[in-house]
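What follows is a short report on a single structure.
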Amino acid sequence: MSPDFADELSPLEADIRRRIKAAGPMPVAEFMQICLSDPQHGYYATRDPLGASGDFTTAPEVSQMFGELIGLWMAAVWKQMGAPENVRVIELGPGRGTLMKDALRAAKVMPDFLAAAVVHLVDISGPLRARQEATLASVTVPKFWHASLDEVPAGPSIVIANEFFDALPVNQAVKQDGGWHTRVVRLDEHDLLEFGVAPEPIPQFERLLPPRVRDAKDGEIFEWRSDRAALELARRIVRDKGAALVIDYGHAASDVGDTLQAVGGHAFAEPLSAPGTVDLTAHVDFEALVRTAESMGAACFGPIEQSELLRNLGIETRAHTLKANADRIKAREIDNALARLVGRSQKGMGSLFKAVAVTHRSLGVPPAFSA
Ligand code: SAH
């Protein structure tokens, strides 16, 4: 596309070009932040990206079993917390509200927990919030919506975050001539967006890197996120007593690699193409997340693979029970969903997705994890 066609650009691309012209190349994290969360034209402000007709499918959308098992996890953790009379059940980035709906239905086996629960949903997306309201309309547990975790009132808390952290902006640095340089989005000679590298190295950067990454070769990329979200989560768990379950795709140990990916209509896309209209995510660095939470005084368990989490919570038994009441077609769907959630091949989510529990030190080992 030539600049003559500038009036055909997505509104966000026009805005990003303007910003780069005014202020110079933009770090990848800033680009990702604008694409996903611009309040007017950002990806999450303008659409429901989930499901068959959207861009991607998440575990709770694959099967009711996922949310149900997490509901049982929450109820068991509430007991470990000493069964407080009021507990905030918080979900970060609840998508269509499916996980929470399935979780609360399964938790009916523990009515005392449901009587103590107040649900707090944290999301920036208008369209998804409307979807969550519809999904949870018949749920009688009190529900509140917030734009950020710090808006949720203090008090004993159980926090769930499935595919939330991967959507937070990621910084990238490229190793070049022995130094680390910020990876940026800039304009080429035709005013089109392209990746580039800041000319000056980031001062003192090497010292902040995990030892494995310090030996990286020239051209390799290191990614990191602001620790704000992880700090806030851990602070709440430590201050108010509670536990969090973070499930996402990513790596157990910090390492080099460019994992920034764009997805639209269930297919990979170019990260710089049509800003605001494709989903942008990057792997979660679980080692970094755990280090941040532990630095706040929280206890951390895992990461374990999603396959292990779900198996330990009893997904096979649950699938068996559901199949006992299903016709042949439905039974095959249950088998397929089980394979997708715990399968460790490329098509399965079982090993790419991992889980970490962040808990108050007094709680002991949370269900599905080991000491
Ligand atoms: N947990 C859901 C949805 C995952 S998609 C599921 O498993 O199906 C990511 C979710 O995080 C969306 O609901 C999106 O609106 C929300 N989100 C993305 N960035 C956010 C931010 N900075 N603050 C709050 N919510 C955010």
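Chain labels run A, B, ... following the order of the structure tokens; each chain numbers its residues from 1, and ligands are numbered from 1 in the order shown.
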Can you list, as a VMD selection string, every protein, DNA or RNA residue that comes within 8 Å of Glu220 of chain A when you count only C-alpha atoms, leaving out same-chain residues fewer than 4 positions away?
chain A and resid 174 to 175 216 256 to 257
Taking only C-alpha atoms and all ligand atoms into account, which residues have an atom no farther than 9 Å from ligand 1? I'd like them as JSON, numbers by chain.
{"A": [33, 36, 37, 43, 44, 45, 48, 49, 50, 51, 56, 57, 58, 59, 60, 61, 91, 92, 93, 94, 95, 96, 97, 98, 99, 121, 122, 123, 124, 125, 126, 127, 128, 129, 146, 147, 148, 149, 160, 161, 162, 163, 164, 165, 166, 167, 168, 169, 229, 247, 248]}
Using only C-alpha atoms, please write the residues we just selected to a file, as a PDB file, in the first residue's frame.
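The resulting file, part22.pdb, is shown below:
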ATOM      1  CA  GLN A  33      -0.496  -1.553  24.102  1.00  0.00           C
ATOM      2  CA  LEU A  36      -4.912  -3.978  22.020  1.00  0.00           C
ATOM      3  CA  SER A  37      -6.208  -1.358  24.408  1.00  0.00           C
ATOM      4  CA  TYR A  43      -8.647  -4.696  19.345  1.00  0.00           C
ATOM      5  CA  TYR A  44     -10.472  -5.399  22.605  1.00  0.00           C
ATOM      6  CA  ALA A  45     -12.542  -2.201  22.472  1.00  0.00           C
ATOM      7  CA  ASP A  48     -15.533 -10.178  20.763  1.00  0.00           C
ATOM      8  CA  PRO A  49     -12.518 -12.112  19.462  1.00  0.00           C
ATOM      9  CA  LEU A  50     -13.481 -15.518  20.869  1.00  0.00           C
ATOM     10  CA  GLY A  51     -15.182 -18.553  19.413  1.00  0.00           C
ATOM     11  CA  PHE A  56      -9.154 -17.664  18.562  1.00  0.00           C
ATOM     12  CA  THR A  57     -10.632 -20.221  20.960  1.00  0.00           C
ATOM     13  CA  THR A  58      -9.635 -20.585  24.592  1.00  0.00           C
ATOM     14  CA  ALA A  59      -9.832 -23.552  26.969  1.00  0.00           C
ATOM     15  CA  PRO A  60     -13.135 -22.542  28.637  1.00  0.00           C
ATOM     16  CA  GLU A  61     -14.657 -22.246  25.143  1.00  0.00           C
ATOM     17  CA  GLU A  91     -11.267 -13.105  37.277  1.00  0.00           C
ATOM     18  CA  LEU A  92      -8.782 -11.153  35.177  1.00  0.00           C
ATOM     19  CA  GLY A  93      -9.804 -10.923  31.509  1.00  0.00           C
ATOM     20  CA  PRO A  94     -12.880 -13.166  31.718  1.00  0.00           C
ATOM     21  CA  GLY A  95     -13.567 -13.236  27.941  1.00  0.00           C
ATOM     22  CA  ARG A  96     -17.158 -14.356  27.429  1.00  0.00           C
ATOM     23  CA  GLY A  97     -17.670 -15.244  31.103  1.00  0.00           C
ATOM     24  CA  THR A  98     -17.823 -18.943  30.272  1.00  0.00           C
ATOM     25  CA  LEU A  99     -15.161 -20.076  32.752  1.00  0.00           C
ATOM     26  CA  LEU A 121     -14.692  -9.359  36.806  1.00  0.00           C
ATOM     27  CA  VAL A 122     -11.774  -7.255  35.574  1.00  0.00           C
ATOM     28  CA  ASP A 123     -11.860  -6.384  31.871  1.00  0.00           C
ATOM     29  CA  ILE A 124     -11.158  -3.466  29.540  1.00  0.00           C
ATOM     30  CA  SER A 125     -13.371  -4.684  26.707  1.00  0.00           C
ATOM     31  CA  GLY A 126     -16.851  -3.174  26.289  1.00  0.00           C
ATOM     32  CA  PRO A 127     -18.092  -5.883  23.895  1.00  0.00           C
ATOM     33  CA  LEU A 128     -16.788  -8.680  26.115  1.00  0.00           C
ATOM     34  CA  ARG A 129     -18.240  -7.135  29.246  1.00  0.00           C
ATOM     35  CA  HIS A 146     -13.880  -3.258  37.052  1.00  0.00           C
ATOM     36  CA  ALA A 147     -11.324  -1.937  34.568  1.00  0.00           C
ATOM     37  CA  SER A 148      -8.343  -2.949  36.724  1.00  0.00           C
ATOM     38  CA  LEU A 149      -7.494  -5.180  39.675  1.00  0.00           C
ATOM     39  CA  ILE A 160      -8.200 -16.636  38.223  1.00  0.00           C
ATOM     40  CA  ALA A 161      -6.360 -15.513  35.088  1.00  0.00           C
ATOM     41  CA  ASN A 162      -6.653 -17.678  31.987  1.00  0.00           C
ATOM     42  CA  GLU A 163      -4.972 -16.273  28.874  1.00  0.00           C
ATOM     43  CA  PHE A 164      -4.754 -12.836  30.499  1.00  0.00           C
ATOM     44  CA  PHE A 165      -1.012 -12.271  30.908  1.00  0.00           C
ATOM     45  CA  ASP A 166      -0.236 -13.179  27.269  1.00  0.00           C
ATOM     46  CA  ALA A 167      -2.326 -10.181  26.194  1.00  0.00           C
ATOM     47  CA  LEU A 168      -0.283  -7.687  28.230  1.00  0.00           C
ATOM     48  CA  PRO A 169       2.268  -5.667  26.221  1.00  0.00           C
ATOM     49  CA  ALA A 229       0.292  -6.793  36.938  1.00  0.00           C
ATOM     50  CA  ILE A 247      -2.918 -20.326  33.315  1.00  0.00           C
ATOM     51  CA  ASP A 248      -1.381 -19.296  30.038  1.00  0.00           C
TER      52      ASP A 248
END
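Coordinates place atom CA of Asp55 of chain A at a distance of 28.2 Å from atom CA of Leu322 of chain A.
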Considering only C-alpha atoms, tabulate each residue of segment 257-289 of chain A that lies at most 10 Å from segment 345-355 of chain A along with its nearest interatomic pair and the corresponding distance in Å to one decimal; arrange the rows by chain and ascending residue number and present them as JSON lines.
{"residue": "A:His283", "atom": "CA", "partner": "A:Leu352", "partner_atom": "CA", "distance": 9.5}
{"residue": "A:Val284", "atom": "CA", "partner": "A:Lys354", "partner_atom": "CA", "distance": 9.3}
{"residue": "A:Phe286", "atom": "CA", "partner": "A:Lys354", "partner_atom": "CA", "distance": 8.4}
Quick one: DSSP strand (DSSP E or B) residues in segment 215-351 of chain A, as a PyMOL selection string?
chain A and resi 221-224+242-251+256+261-264+267-269+279-281+284-285+299-305
Could you save those same residues with N, CA and C atoms as a short mmCIF file (atom, residue, chain, number, x, y, z; two decimals), in the first residue's frame?
data_model
loop_
_atom_site.label_atom_id
_atom_site.label_comp_id
_atom_site.auth_asym_id
_atom_site.auth_seq_id
_atom_site.Cartn_x
_atom_site.Cartn_y
_atom_site.Cartn_z
N ILE A 221 16.59 -12.29 20.32
CA ILE A 221 15.64 -11.35 20.92
C ILE A 221 15.29 -11.81 22.33
N PHE A 222 15.24 -10.88 23.25
CA PHE A 222 14.77 -11.19 24.61
C PHE A 222 13.50 -10.38 24.87
N GLU A 223 12.51 -11.04 25.51
CA GLU A 223 11.22 -10.38 25.78
C GLU A 223 10.99 -10.29 27.28
N TRP A 224 10.40 -9.21 27.69
CA TRP A 224 10.01 -9.09 29.09
C TRP A 224 8.80 -8.17 29.21
N GLY A 242 -5.09 -15.14 50.37
CA GLY A 242 -5.78 -15.69 49.22
C GLY A 242 -4.87 -16.48 48.33
N ALA A 243 -5.37 -16.75 47.13
CA ALA A 243 -4.62 -17.55 46.18
C ALA A 243 -5.02 -17.16 44.77
N ALA A 244 -4.07 -17.32 43.85
CA ALA A 244 -4.35 -17.04 42.44
C ALA A 244 -3.92 -18.24 41.61
N LEU A 245 -4.67 -18.45 40.53
CA LEU A 245 -4.31 -19.50 39.57
C LEU A 245 -4.12 -18.81 38.22
N VAL A 246 -2.89 -18.86 37.73
CA VAL A 246 -2.57 -18.22 36.45
C VAL A 246 -2.30 -19.31 35.43
N ILE A 247 -3.10 -19.32 34.37
CA ILE A 247 -2.92 -20.33 33.32
C ILE A 247 -2.68 -19.58 32.01
N ASP A 248 -1.66 -20.00 31.28
CA ASP A 248 -1.38 -19.30 30.04
C ASP A 248 -0.42 -20.11 29.20
N TYR A 249 -0.19 -19.64 27.98
CA TYR A 249 0.81 -20.32 27.18
C TYR A 249 2.12 -19.60 27.35
N GLY A 250 3.21 -20.35 27.38
CA GLY A 250 4.48 -19.70 27.61
C GLY A 250 5.55 -20.67 28.01
N HIS A 251 6.68 -20.12 28.48
CA HIS A 251 7.81 -20.99 28.83
C HIS A 251 8.07 -20.97 30.33
N VAL A 256 15.69 -16.68 25.41
CA VAL A 256 15.58 -15.80 24.24
C VAL A 256 14.53 -16.36 23.29
N GLN A 261 3.11 -12.75 18.45
CA GLN A 261 2.34 -13.33 17.35
C GLN A 261 1.02 -12.63 17.16
N ALA A 262 0.60 -12.58 15.90
CA ALA A 262 -0.68 -11.97 15.54
C ALA A 262 -1.58 -13.06 15.00
N VAL A 263 -2.85 -13.01 15.42
CA VAL A 263 -3.82 -14.01 14.96
C VAL A 263 -5.10 -13.30 14.57
N GLY A 264 -5.64 -13.68 13.42
CA GLY A 264 -6.94 -13.16 12.98
C GLY A 264 -7.68 -14.27 12.26
N ALA A 267 -6.08 -17.77 12.07
CA ALA A 267 -4.85 -17.98 11.29
C ALA A 267 -3.81 -16.96 11.73
N PHE A 268 -2.54 -17.32 11.57
CA PHE A 268 -1.48 -16.38 11.91
C PHE A 268 -1.50 -15.22 10.93
N ALA A 269 -1.18 -14.03 11.45
CA ALA A 269 -1.14 -12.83 10.61
C ALA A 269 0.17 -12.11 10.89
N ASP A 279 -5.36 -9.96 16.77
CA ASP A 279 -4.94 -10.15 18.16
C ASP A 279 -3.41 -10.22 18.23
N LEU A 280 -2.83 -9.59 19.23
CA LEU A 280 -1.39 -9.68 19.44
C LEU A 280 -1.15 -10.30 20.81
N THR A 281 -0.31 -11.32 20.87
CA THR A 281 0.04 -11.92 22.16
C THR A 281 1.52 -12.31 22.14
N VAL A 284 4.09 -16.11 27.91
CA VAL A 284 4.30 -15.67 29.29
C VAL A 284 5.60 -16.32 29.79
N ASP A 285 6.44 -15.50 30.42
CA ASP A 285 7.69 -15.97 31.02
C ASP A 285 7.36 -16.32 32.49
N ALA A 299 3.90 -17.33 48.19
CA ALA A 299 4.39 -18.67 47.87
C ALA A 299 3.95 -19.00 46.45
N CYS A 300 4.83 -19.65 45.69
CA CYS A 300 4.46 -20.01 44.31
C CYS A 300 4.62 -21.51 44.10
N PHE A 301 3.71 -22.07 43.35
CA PHE A 301 3.74 -23.50 43.01
C PHE A 301 3.68 -23.61 41.50
N GLY A 302 4.45 -24.53 40.95
CA GLY A 302 4.51 -24.69 39.50
C GLY A 302 5.64 -23.85 38.93
N PRO A 303 5.68 -23.63 37.62
CA PRO A 303 4.65 -24.03 36.67
C PRO A 303 4.56 -25.55 36.46
N ILE A 304 3.31 -25.99 36.31
CA ILE A 304 3.05 -27.34 35.83
C ILE A 304 2.32 -27.20 34.49
N GLU A 305 2.38 -28.27 33.70
CA GLU A 305 1.70 -28.20 32.41
C GLU A 305 0.18 -28.25 32.62
#
